[in-house]
file data.cif (mmCIF, C-alpha atoms)
data_final
#
loop_
_atom_site.label_atom_id
_atom_site.label_comp_id
_atom_site.auth_asym_id
_atom_site.auth_seq_id
_atom_site.Cartn_x
_atom_site.Cartn_y
_atom_site.Cartn_z
CA MET D 578 -55.50 71.16 48.58
CA PRO D 579 -53.65 74.47 48.16
CA ARG D 580 -52.93 75.47 44.58
CA SER D 581 -49.19 75.59 45.27
CA ALA D 582 -49.21 72.01 46.56
CA ALA D 583 -51.22 70.75 43.61
CA SER D 584 -48.82 72.36 41.18
CA THR D 585 -45.93 70.34 42.61
CA LEU D 586 -47.57 66.91 42.19
CA VAL D 587 -45.60 64.57 39.92
CA PHE D 588 -47.46 61.60 38.46
CA PRO D 589 -45.54 58.50 37.41
CA VAL D 590 -45.17 57.99 33.69
CA SER D 591 -46.84 54.83 32.45
CA PRO D 592 -44.38 52.36 30.93
CA VAL D 593 -47.01 51.21 28.42
CA PRO D 594 -46.47 53.96 25.82
CA ARG D 595 -42.71 53.39 25.95
CA ALA D 596 -43.18 49.64 25.52
CA ALA D 597 -45.58 50.23 22.64
CA GLU D 598 -43.09 52.58 21.02
CA ARG D 599 -40.32 49.98 21.35
CA ASP D 600 -42.57 47.35 19.78
CA ARG D 601 -43.47 49.72 16.94
CA ARG D 602 -39.83 50.51 16.23
CA ARG D 603 -38.89 46.83 16.36
CA THR D 604 -41.68 45.88 13.97
CA SER D 605 -40.84 48.72 11.59
CA ALA D 606 -37.12 47.89 11.58
CA SER D 607 -37.97 44.26 10.89
CA SER D 608 -40.21 45.24 7.97
CA VAL D 609 -37.48 47.40 6.47
CA LEU D 610 -34.79 44.72 6.82
CA ARG D 611 -37.07 42.03 5.36
CA SER D 612 -37.88 44.28 2.40
CA VAL D 613 -34.19 44.83 1.74
CA LEU D 614 -33.57 41.07 1.97
CA GLU D 615 -36.37 40.24 -0.47
CA HIS D 616 -36.04 43.10 -2.96
CA GLY D 617 -32.56 44.59 -2.62
CA PRO D 618 -30.83 46.42 -4.10
CA VAL D 619 -33.92 48.55 -3.56
CA ALA D 620 -34.63 52.27 -3.34
CA ARG D 621 -35.73 53.66 0.01
CA SER D 622 -38.84 55.04 -1.67
CA THR D 623 -39.72 51.50 -2.79
CA VAL D 624 -39.17 50.21 0.75
CA ALA D 625 -41.59 52.88 1.98
CA ARG D 626 -44.18 51.73 -0.55
CA LEU D 627 -43.68 48.03 0.30
CA THR D 628 -43.85 48.51 4.06
CA GLY D 629 -46.40 51.33 4.30
CA LEU D 630 -43.96 53.37 6.39
CA SER D 631 -43.30 57.03 5.79
CA PRO D 632 -40.22 57.95 3.72
CA ALA D 633 -38.77 59.70 6.76
CA SER D 634 -39.22 56.59 8.90
CA VAL D 635 -37.64 54.37 6.25
CA THR D 636 -34.68 56.75 5.96
CA GLU D 637 -34.23 56.66 9.74
CA HIS D 638 -34.38 52.88 9.92
CA CYS D 639 -32.04 52.44 6.97
CA ALA D 640 -29.51 54.71 8.66
CA ARG D 641 -29.78 52.70 11.86
CA LEU D 642 -29.48 49.35 10.09
CA ALA D 643 -26.53 50.61 8.07
CA GLY D 644 -24.88 51.78 11.29
CA LEU D 645 -25.29 48.28 12.67
CA GLY D 646 -23.64 46.84 9.57
CA LEU D 647 -26.73 44.95 8.40
CA ILE D 648 -27.36 46.89 5.20
CA ARG D 649 -25.26 49.07 2.90
CA GLU D 650 -25.72 51.37 -0.03
CA SER D 651 -25.42 49.63 -3.37
CA PRO D 652 -22.31 50.66 -5.31
CA ALA D 653 -24.33 51.37 -8.47
CA PRO D 654 -26.71 54.37 -8.18
CA ARG D 655 -29.82 54.19 -10.35
CA ARG D 656 -31.76 56.84 -12.22
CA SER D 657 -35.52 56.83 -12.42
CA ARG D 658 -36.28 56.02 -16.08
CA GLY D 659 -32.83 57.31 -16.97
CA VAL D 660 -33.49 60.93 -15.97
CA GLY D 661 -33.29 63.08 -12.90
CA ARG D 662 -31.19 62.74 -9.86
CA PRO D 663 -29.82 59.23 -9.27
CA HIS D 664 -31.02 57.42 -6.17
CA VAL D 665 -28.76 55.11 -4.20
CA PRO D 666 -30.46 51.79 -3.46
CA VAL D 667 -29.72 49.77 -0.34
CA GLU D 668 -28.96 46.07 -0.06
CA LEU D 669 -28.18 43.51 2.60
CA ASP D 670 -24.58 43.62 3.77
CA ASP D 671 -23.86 39.90 3.52
CA ALA D 672 -20.06 40.12 3.73
CA ARG D 673 -19.55 41.47 7.25
CA PHE D 674 -21.13 38.93 9.58
CA VAL D 675 -21.69 35.20 9.92
CA VAL D 676 -24.00 33.16 12.10
CA GLY D 677 -23.25 29.76 13.49
CA GLY D 678 -25.67 26.92 12.92
CA VAL D 679 -25.91 23.69 14.91
CA HIS D 680 -28.25 20.83 14.04
CA VAL D 681 -28.28 17.88 16.40
CA ALA D 682 -29.43 14.71 14.65
CA VAL D 683 -29.45 11.21 16.08
CA PRO D 684 -26.20 9.92 14.47
CA TYR D 685 -24.28 13.19 14.14
CA THR D 686 -24.24 16.94 14.67
CA THR D 687 -23.91 19.40 11.80
CA VAL D 688 -22.10 22.67 12.49
CA ALA D 689 -22.10 25.42 9.88
CA LEU D 690 -21.53 29.06 9.09
CA LEU D 691 -24.17 31.03 7.19
CA ASP D 692 -24.30 34.55 5.85
CA LEU D 693 -27.26 36.88 6.35
CA ARG D 694 -28.95 35.50 3.24
CA GLY D 695 -29.03 32.01 4.73
CA ARG D 696 -26.33 30.72 2.39
CA VAL D 697 -24.09 28.04 3.86
CA LEU D 698 -20.45 29.15 3.75
CA ALA D 699 -18.89 26.17 5.55
CA ARG D 700 -20.07 23.09 7.42
CA ARG D 701 -18.85 19.94 9.12
CA GLU D 702 -20.49 16.77 10.35
CA LEU D 703 -19.45 15.53 13.77
CA LYS D 704 -20.35 11.89 14.28
CA HIS D 705 -21.55 11.17 17.79
CA GLU D 706 -19.10 9.18 19.87
CA ARG D 707 -21.82 9.12 22.50
CA THR D 708 -25.03 11.10 22.85
CA ASP D 709 -24.83 12.55 26.35
CA PRO D 710 -25.67 16.27 25.92
CA GLY D 711 -22.55 17.64 27.58
CA ARG D 712 -20.26 15.83 25.16
CA VAL D 713 -22.40 16.54 22.07
CA LEU D 714 -22.59 20.27 22.82
CA ALA D 715 -18.90 20.50 23.73
CA ARG D 716 -17.94 19.02 20.36
CA ALA D 717 -20.39 21.35 18.62
CA ALA D 718 -18.75 24.35 20.31
CA GLU D 719 -15.31 23.09 19.26
CA GLY D 720 -16.49 22.60 15.69
CA LEU D 721 -17.96 26.09 15.56
CA ALA D 722 -14.78 27.62 16.97
CA ALA D 723 -12.79 26.02 14.17
CA LEU D 724 -15.20 27.33 11.54
CA PHE D 725 -15.24 30.83 13.03
CA ALA D 726 -11.43 30.86 13.00
CA GLU D 727 -11.51 30.17 9.27
CA ALA D 728 -14.01 32.97 8.57
CA SER D 729 -11.42 35.72 8.56
CA GLY D 730 -12.81 39.22 8.33
CA ARG D 731 -16.34 38.20 9.36
CA ARG D 732 -17.75 38.74 12.81
CA PRO D 733 -19.98 36.06 14.39
CA LEU D 734 -23.40 37.33 15.44
CA GLY D 735 -24.48 34.29 17.41
CA VAL D 736 -25.47 30.65 17.17
CA GLY D 737 -28.73 29.02 16.19
CA VAL D 738 -29.44 25.46 17.33
CA ALA D 739 -32.07 23.17 15.80
CA VAL D 740 -32.95 19.88 17.47
CA GLY D 741 -35.70 17.31 16.95
CA GLY D 742 -38.14 16.33 19.63
CA TRP D 743 -39.78 18.70 22.10
CA VAL D 744 -37.85 21.98 22.27
CA ASP D 745 -38.88 24.94 24.43
CA ARG D 746 -37.78 27.97 22.44
CA GLU D 747 -38.35 30.48 25.24
CA THR D 748 -35.96 28.80 27.67
CA GLY D 749 -33.65 27.26 25.07
CA THR D 750 -34.26 23.81 26.54
CA VAL D 751 -34.67 20.40 24.92
CA VAL D 752 -37.54 19.15 27.04
CA GLU D 753 -37.52 15.65 25.58
CA HIS D 754 -35.76 13.87 22.72
CA GLU D 755 -36.61 10.19 22.90
CA LEU D 756 -34.01 8.90 20.45
CA LEU D 757 -31.13 10.83 22.01
CA GLY D 758 -32.32 10.15 25.54
CA TRP D 759 -32.28 13.87 26.40
CA ARG D 760 -34.53 15.29 29.10
CA GLU D 761 -34.64 18.94 30.22
CA VAL D 762 -31.27 19.81 28.65
CA PRO D 763 -30.48 23.57 28.92
CA VAL D 764 -28.91 23.78 25.46
CA ARG D 765 -28.85 27.58 25.25
CA GLU D 766 -27.17 27.94 28.61
CA LEU D 767 -24.58 25.23 27.95
CA LEU D 768 -23.65 26.35 24.45
CA ALA D 769 -23.58 30.05 25.32
CA ALA D 770 -21.15 29.30 28.14
CA ARG D 771 -18.86 27.44 25.75
CA THR D 772 -19.02 29.87 22.82
CA GLY D 773 -19.44 33.23 24.54
CA LEU D 774 -22.09 34.11 21.94
CA PRO D 775 -25.85 34.63 22.02
CA VAL D 776 -27.63 31.33 21.37
CA GLN D 777 -31.16 30.69 20.11
CA VAL D 778 -32.69 27.19 20.19
CA ASP D 779 -35.76 25.76 18.45
CA GLY D 780 -37.18 22.56 17.03
CA HIS D 781 -35.89 21.70 13.57
CA ALA D 782 -39.28 21.66 11.81
CA ARG D 783 -40.01 25.18 13.09
CA ALA D 784 -36.47 26.25 12.19
CA LEU D 785 -37.00 25.06 8.62
CA VAL D 786 -40.35 26.86 8.33
CA ASN D 787 -38.44 30.02 9.19
CA GLY D 788 -35.75 29.18 6.65
CA GLU D 789 -38.37 28.59 3.96
CA ARG D 790 -40.23 31.84 4.61
CA LEU D 791 -37.02 33.89 4.77
CA PHE D 792 -34.90 32.32 2.03
CA GLY D 793 -36.89 29.57 0.31
CA ARG D 794 -39.77 28.97 -2.06
CA ALA D 795 -42.35 29.55 0.68
CA ARG D 796 -41.41 33.23 0.92
CA GLY D 797 -44.59 35.28 0.72
CA SER D 798 -46.90 32.34 1.41
CA ARG D 799 -49.73 33.19 3.79
CA SER D 800 -49.60 29.80 5.53
CA VAL D 801 -46.94 27.09 5.47
CA LEU D 802 -46.87 23.55 6.82
CA HIS D 803 -43.47 21.90 7.11
CA LEU D 804 -43.20 18.14 7.53
CA PHE D 805 -39.79 16.76 8.53
CA VAL D 806 -39.24 13.03 8.02
CA GLY D 807 -35.88 11.77 9.25
CA ASN D 808 -35.04 9.69 12.29
CA VAL D 809 -37.41 12.12 13.99
CA VAL D 810 -40.76 12.89 12.36
CA ASP D 811 -42.35 16.20 13.28
CA ALA D 812 -44.15 19.19 11.81
CA ALA D 813 -44.48 22.96 12.09
CA PHE D 814 -47.13 25.41 10.95
CA ALA D 815 -46.85 29.14 10.24
CA THR D 816 -49.53 31.67 9.33
CA HIS D 817 -48.88 35.25 8.29
CA ASP D 818 -45.22 35.04 9.22
CA GLU D 819 -45.87 33.64 12.70
CA VAL D 820 -44.91 30.08 13.61
CA HIS D 821 -47.29 28.39 16.01
CA HIS D 822 -45.46 27.16 19.11
CA GLY D 823 -48.17 26.41 21.66
CA PRO D 824 -47.62 26.22 25.43
CA ARG D 825 -43.96 25.55 26.14
CA SER D 826 -43.40 25.15 22.38
CA ALA D 827 -44.97 21.69 22.29
CA ALA D 828 -46.79 22.16 18.98
CA GLY D 829 -45.83 19.94 16.06
CA ALA D 830 -45.38 16.68 17.95
CA ILE D 831 -46.80 14.14 15.52
CA ALA D 832 -44.48 11.19 16.20
CA HIS D 833 -47.25 9.12 17.75
CA LEU D 834 -50.07 9.86 15.34
CA PRO D 835 -51.54 6.49 14.32
CA VAL D 836 -50.94 5.32 10.75
CA PRO D 837 -53.86 3.23 9.41
CA GLY D 838 -52.55 -0.24 8.63
CA GLY D 839 -49.22 0.43 10.34
CA THR D 840 -47.40 -2.65 11.64
CA GLU D 841 -44.26 -1.30 13.31
CA PRO D 842 -44.14 -1.64 17.11
CA CYS D 843 -43.46 1.65 18.89
CA PRO D 844 -41.61 2.07 22.21
CA CYS D 845 -44.75 3.80 23.51
CA GLY D 846 -46.46 0.39 23.50
CA ARG D 847 -48.71 0.94 20.51
CA THR D 848 -48.30 -0.23 16.92
CA GLY D 849 -48.14 1.91 13.79
CA CYS D 850 -47.11 5.28 15.21
CA LEU D 851 -46.01 7.75 12.54
CA GLN D 852 -42.37 8.03 13.56
CA VAL D 853 -41.67 4.30 13.71
CA GLU D 854 -43.47 3.77 10.40
CA LEU D 855 -41.68 6.55 8.50
CA GLY D 856 -38.42 6.98 10.42
CA GLU D 857 -35.06 6.41 8.76
CA ARG D 858 -34.25 3.54 11.11
CA THR D 859 -37.24 1.64 9.72
CA LEU D 860 -36.30 2.50 6.14
CA CYS D 861 -32.75 1.22 6.63
CA ARG D 862 -33.88 -1.92 8.43
CA ARG D 863 -36.23 -2.74 5.57
CA ALA D 864 -33.45 -2.04 3.07
CA ARG D 865 -31.12 -4.39 4.92
CA ALA D 866 -33.77 -7.09 5.05
CA ALA D 867 -34.26 -6.74 1.28
CA GLY D 868 -30.52 -7.00 0.63
CA VAL D 869 -30.23 -3.43 -0.69
CA THR D 870 -27.54 -2.36 1.77
CA ASP D 871 -25.98 -3.43 5.04
CA SER D 872 -25.85 0.17 6.28
CA ALA D 873 -27.88 2.22 8.74
CA ASN D 874 -27.36 5.31 6.58
CA PRO D 875 -30.46 6.27 4.52
CA MET D 876 -28.25 7.93 1.91
CA HIS D 877 -26.97 4.49 1.00
CA VAL D 878 -30.53 3.54 0.08
CA VAL D 879 -30.74 6.72 -2.02
CA ALA D 880 -27.42 5.85 -3.70
CA ALA D 881 -28.65 2.34 -4.49
CA ALA D 882 -31.85 3.72 -5.99
CA ALA D 883 -29.87 6.20 -8.08
CA ALA D 884 -27.70 3.34 -9.33
CA GLY D 885 -30.77 1.51 -10.62
CA ASP D 886 -31.71 -0.78 -7.71
CA ALA D 887 -35.43 -1.32 -8.21
CA VAL D 888 -36.01 -2.53 -4.65
CA ALA D 889 -34.37 0.56 -3.18
CA ARG D 890 -36.48 2.75 -5.45
CA ARG D 891 -39.63 0.90 -4.40
CA LEU D 892 -38.84 1.36 -0.70
CA LEU D 893 -38.34 5.09 -1.19
CA VAL D 894 -41.52 5.50 -3.22
CA GLU D 895 -43.54 3.57 -0.62
CA ARG D 896 -42.12 5.78 2.11
CA ALA D 897 -42.93 8.93 0.14
CA ARG D 898 -46.49 7.70 -0.42
CA ALA D 899 -46.89 7.03 3.32
CA THR D 900 -45.53 10.49 4.01
CA GLY D 901 -48.14 11.89 1.63
CA ARG D 902 -50.91 10.13 3.56
CA ALA D 903 -49.58 11.69 6.77
CA ALA D 904 -49.47 15.09 5.07
CA ALA D 905 -53.09 14.61 3.93
CA LEU D 906 -54.20 14.27 7.56
CA LEU D 907 -52.50 17.54 8.45
CA LEU D 908 -53.84 19.23 5.30
CA ASP D 909 -57.39 18.35 6.30
CA VAL D 910 -56.90 20.00 9.69
CA LEU D 911 -54.75 23.02 8.80
CA ASN D 912 -55.56 23.74 5.13
CA PRO D 913 -52.26 25.53 4.43
CA GLU D 914 -51.41 27.41 1.25
CA THR D 915 -48.00 25.72 0.98
CA VAL D 916 -46.67 22.37 2.19
CA VAL D 917 -42.91 21.79 2.35
CA VAL D 918 -41.58 18.28 2.92
CA THR D 919 -38.06 17.36 3.97
CA GLU D 920 -37.57 13.66 3.21
CA VAL D 921 -34.65 12.00 1.39
CA GLY D 922 -36.63 10.26 -1.34
CA VAL D 923 -38.69 13.35 -2.14
CA ILE D 924 -35.51 15.44 -2.28
CA HIS D 925 -33.74 13.18 -4.78
CA PHE D 926 -36.38 11.53 -6.97
CA GLU D 927 -39.24 13.03 -8.95
CA GLU D 928 -41.05 9.70 -8.70
CA CYS D 929 -41.11 10.03 -4.91
CA LEU D 930 -42.38 13.61 -5.11
CA ASP D 931 -45.15 12.48 -7.47
CA ALA D 932 -46.13 9.67 -5.06
CA LEU D 933 -46.17 12.14 -2.17
CA ARG D 934 -48.37 14.61 -4.03
CA GLU D 935 -50.77 11.92 -5.17
CA ALA D 936 -51.19 10.54 -1.64
CA ALA D 937 -51.54 14.05 -0.19
CA GLY D 938 -54.45 14.67 -2.55
CA ASN D 939 -54.22 16.34 -5.93
CA SER D 940 -57.58 18.01 -5.46
CA ARG D 941 -56.32 20.20 -2.66
CA SER D 942 -55.20 23.71 -3.51
CA ALA D 943 -52.00 23.59 -1.45
CA ALA D 944 -48.68 23.65 -3.28
CA VAL D 945 -46.71 20.58 -2.13
CA LEU D 946 -42.97 21.21 -2.45
CA PRO D 947 -39.71 19.55 -1.46
CA THR D 948 -37.34 21.50 0.78
CA SER D 949 -35.68 24.52 -0.80
CA PHE D 950 -32.34 23.39 0.63
CA PRO D 951 -31.74 19.87 -0.68
CA ASP D 952 -27.96 19.93 -0.23
CA SER D 953 -27.80 21.83 3.05
CA VAL D 954 -31.07 21.36 4.90
CA LEU D 955 -29.59 20.56 8.32
CA ALA D 956 -27.06 23.39 8.18
CA VAL D 957 -29.81 25.82 7.15
CA ALA D 958 -32.05 24.59 9.97
CA GLY D 959 -29.52 25.53 12.62
CA GLY D 960 -28.61 28.90 11.13
CA SER D 961 -32.25 29.82 10.50
CA VAL D 962 -32.99 29.80 14.22
CA LEU D 963 -30.59 32.69 14.78
CA LEU D 964 -31.43 34.45 11.50
CA ASP D 965 -35.15 34.37 12.33
CA ALA D 966 -34.38 36.18 15.59
CA LEU D 967 -32.28 38.73 13.73
CA PHE D 968 -34.86 39.51 11.07
CA ARG D 969 -37.67 39.68 13.63
CA ASP D 970 -35.80 42.11 15.86
CA PRO D 971 -32.74 43.57 14.12
CA LEU D 972 -32.35 46.28 16.74
CA GLY D 973 -32.30 43.79 19.61
CA ALA D 974 -30.57 40.81 18.00
CA SER D 975 -28.06 42.87 16.03
CA PRO D 976 -24.41 43.52 16.95
CA GLU D 977 -25.48 46.46 19.14
CA GLY D 978 -27.41 44.02 21.30
CA ILE D 979 -24.52 41.60 21.63
#
call {"tool": "encode", "arguments": {"input": "data.cif", "output": "C-alpha cells"}}
result
Amino acid sequence: MPRSAASTLVFPVSPVPRAAERDRRRTSASSVLRSVLEHGPVARSTVARLTGLSPASVTEHCARLAGLGLIRESPAPRRSRGVGRPHVPVELDDARFVVGGVHVAVPYTTVALLDLRGRVLARRELKHERTDPGRVLARAAEGLAALFAEASGRRPLGVGVAVGGWVDRETGTVVEHELLGWREVPVRELLAARTGLPVQVDGHARALVNGERLFGRARGSRSVLHLFVGNVVDAAFATHDEVHHGPRSAAGAIAHLPVPGGTEPCPCGRTGCLQVELGERTLCRRARAAGVTDSANPMHVVAAAAAGDAVARRLLVERARATGRAAALLLDVLNPETVVVTEVGVIHFEECLDALREAAGNSRSAAVLPTSFPDSVLAVAGGSVLLDALFRDPLGASPEGI
C-alpha cells in the first residue's frame, strides 16, 4: 500500500473507553453525593479522603452537583483548628426538590412527598375502591398531583413506586401480585404517562433495603437482610451496597416457604406457607376469632394490645416469634451483618422485638433491628425507589437528565 494511502486511513474509535469513562464518572459522582449525604456539611478535602478521589476530581464533581441543585455550600465557613484560611463545606440541598413516593398495599395506596434526605414531607392514604391497576394508578397520580401542588417552591424530580409481589425493576412491571390479582402490569409506563415524570418501580422489600442503607440504621453495614411482614411477606438482601435482584428481579420471593408446624391452608394448595401463616389477614382473622376486634385492620390489634388486651398482646408476640423463626432460616443461608424487620408488633412493642430476636437466634452475630421508619415505612418505601436511582447515578437521574 502506498505511504500516502496508508496515511489517510481512519480507524473507528472503540466505544468501550467512552463507556468506561461514563461509568467511572457516574460512580465517582455517586460516591461524592453519598459522602455529602452521610457527612455533610463536609469539607471537599474530607470528601476526597472518604472517597479516595483526587481533590481536583472532588472539586469538579461538587461543582457539577451544585450546578444541578443537589448540593450547596454551607452558609457557615469553618477554619481548620481555628487558624488559617476558612474552608467552605458542602451539604445536601434538601430544600429545592421533592420526590414522589407511591406504595401500593392490598387495602390502600400511600402517596407521599420526600426530600433528598428521605424525610417524608406529606402523605395521604387512598383506600382502594377496587384493585384493577388502571384505577389504582390513576388515583395515585391524582393524589401525587395534589401533593405536588402543595409543595410550592420545590421541583419534583420523579416518582418512585414500591409494590409487593414479583416486580421487575428493569421494565418497571409488576409481574405478579397474587393478592391484588395483578399480572404483567406496566406500572412505570402507566404512571409516567399520567404524571409526566420519570418513574422507577421496585419491590417494597428491596425499596426498604435501599431506604435503610441510605437513611436508616443499616447505613454502612456490609450486608443487610430486610424481611417485610404485612399482607405480603417477602425479603431482600444487599451486600456492599448492591441489592440482589436475580433474573427478572425475582429474588426475595419467600411467600411459599414452608413453616414447620404451620396449619393455615394456602391458595397454592399446600398448608403452612410463610405468607398465609404470618400475613396480616391471618393475624386479623385470629384476633376476630378471639374477640379482640371485629376489624380487618392490624393496627386495631396493635391498639388493643397497647390498651392492655392480653390476648392481642399474645397474638402479636406469637407472630413476632414466628417471624423470628423465618428470619433464622434466612440467617442460616445468607449470614448477613444486619437484619431489619418491618412488622407491626416488632415496631410497637419491645416484647415482640425480644421474641423475634430470641427466635432468630441470640448466638448469631447479626444485629436484628426493627425498621428505621416506624411511622412512615410505606411512604419511605416508595420514595426510596427514586432516591436510590438518584444517589446511584446523580448525573443521569438528576434534573439535567429529566
call {"tool": "closest_atom_pairs", "arguments": {"input": "data.cif", "of": "range 729-796 of chain D", "to": "range 904-923 of chain D", "cutoff": "12 Å", "atoms": "all atoms listed in the file", "output": "JSON lines"}}
result
{"residue": "D:His781", "atom": "CA", "partner": "D:Thr919", "partner_atom": "CA", "distance": 10.8}
{"residue": "D:Ala782", "atom": "CA", "partner": "D:Thr919", "partner_atom": "CA", "distance": 9.0}
{"residue": "D:Arg783", "atom": "CA", "partner": "D:Val917", "partner_atom": "CA", "distance": 11.6}
{"residue": "D:Leu785", "atom": "CA", "partner": "D:Thr919", "partner_atom": "CA", "distance": 9.1}
{"residue": "D:Val786", "atom": "CA", "partner": "D:Val917", "partner_atom": "CA", "distance": 8.2}
{"residue": "D:Asn787", "atom": "CA", "partner": "D:Val917", "partner_atom": "CA", "distance": 11.6}
{"residue": "D:Gly788", "atom": "CA", "partner": "D:Val917", "partner_atom": "CA", "distance": 11.2}
{"residue": "D:Glu789", "atom": "CA", "partner": "D:Val917", "partner_atom": "CA", "distance": 8.3}
{"residue": "D:Arg790", "atom": "CA", "partner": "D:Thr915", "partner_atom": "CA", "distance": 10.5}
{"residue": "D:Gly793", "atom": "CA", "partner": "D:Val917", "partner_atom": "CA", "distance": 10.0}
{"residue": "D:Arg794", "atom": "CA", "partner": "D:Val917", "partner_atom": "CA", "distance": 9.0}
{"residue": "D:Ala795", "atom": "CA", "partner": "D:Thr915", "partner_atom": "CA", "distance": 6.8}
{"residue": "D:Arg796", "atom": "CA", "partner": "D:Thr915", "partner_atom": "CA", "distance": 10.0}
call {"tool": "atom_distance", "arguments": {"input": "data.cif", "atom1": "CA of Glu819 in chain D", "atom2": "CA of Asp745 in chain D"}}
result
16.2 Å
call {"tool": "residues_near_point", "arguments": {"input": "data.cif", "point": "(-17.5, 23.0, 19.1)", "cutoff": "12 Å", "atoms": "all atoms listed in the file", "output": "JSON, numbers by chain"}}
result
{"D": [677, 678, 679, 686, 687, 688, 689, 700, 701, 702, 703, 711, 712, 713, 714, 715, 716, 717, 718, 719, 720, 721, 722, 723, 724, 725, 726, 736, 767, 768, 769, 770, 771, 772, 773]}
call {"tool": "write_last_selection", "arguments": {"input": "data.cif", "atoms": "C-alpha atoms", "output": "tab-separated table (two decimals), in the frame of the given file"}}
result
chain	number	residue	atom	x	y	z
D	677	GLY	CA	-23.25	29.76	13.49
D	678	GLY	CA	-25.67	26.92	12.92
D	679	VAL	CA	-25.91	23.69	14.91
D	686	THR	CA	-24.24	16.94	14.67
D	687	THR	CA	-23.91	19.40	11.80
D	688	VAL	CA	-22.10	22.67	12.49
D	689	ALA	CA	-22.10	25.42	9.88
D	700	ARG	CA	-20.07	23.09	7.42
D	701	ARG	CA	-18.85	19.94	9.12
D	702	GLU	CA	-20.49	16.77	10.35
D	703	LEU	CA	-19.45	15.53	13.77
D	711	GLY	CA	-22.55	17.64	27.58
D	712	ARG	CA	-20.26	15.83	25.16
D	713	VAL	CA	-22.40	16.54	22.07
D	714	LEU	CA	-22.59	20.27	22.82
D	715	ALA	CA	-18.90	20.50	23.73
D	716	ARG	CA	-17.94	19.02	20.36
D	717	ALA	CA	-20.39	21.35	18.62
D	718	ALA	CA	-18.75	24.35	20.31
D	719	GLU	CA	-15.31	23.09	19.26
D	720	GLY	CA	-16.49	22.60	15.69
D	721	LEU	CA	-17.96	26.09	15.56
D	722	ALA	CA	-14.78	27.62	16.97
D	723	ALA	CA	-12.79	26.02	14.17
D	724	LEU	CA	-15.20	27.33	11.54
D	725	PHE	CA	-15.24	30.83	13.03
D	726	ALA	CA	-11.43	30.86	13.00
D	736	VAL	CA	-25.47	30.65	17.17
D	767	LEU	CA	-24.58	25.23	27.95
D	768	LEU	CA	-23.65	26.35	24.45
D	769	ALA	CA	-23.58	30.05	25.32
D	770	ALA	CA	-21.15	29.30	28.14
D	771	ARG	CA	-18.86	27.44	25.75
D	772	THR	CA	-19.02	29.87	22.82
D	773	GLY	CA	-19.44	33.23	24.54
call {"tool": "closest_residue", "arguments": {"input": "data.cif", "among": "D:Asp811, D:Arg732, D:His817, D:Thr859", "to": "Arg799 in chain D", "atoms": "all atoms listed in the file"}}
result
D:His817
call {"tool": "resolve_selection", "arguments": {"input": "data.cif", "expression": "the PyMOL selection byres ((chain D and resi 633-638) around 8)", "output": "PyMOL selection string"}}
result
chain D and resi 605-606+609+621+624-625+630-632+639-642
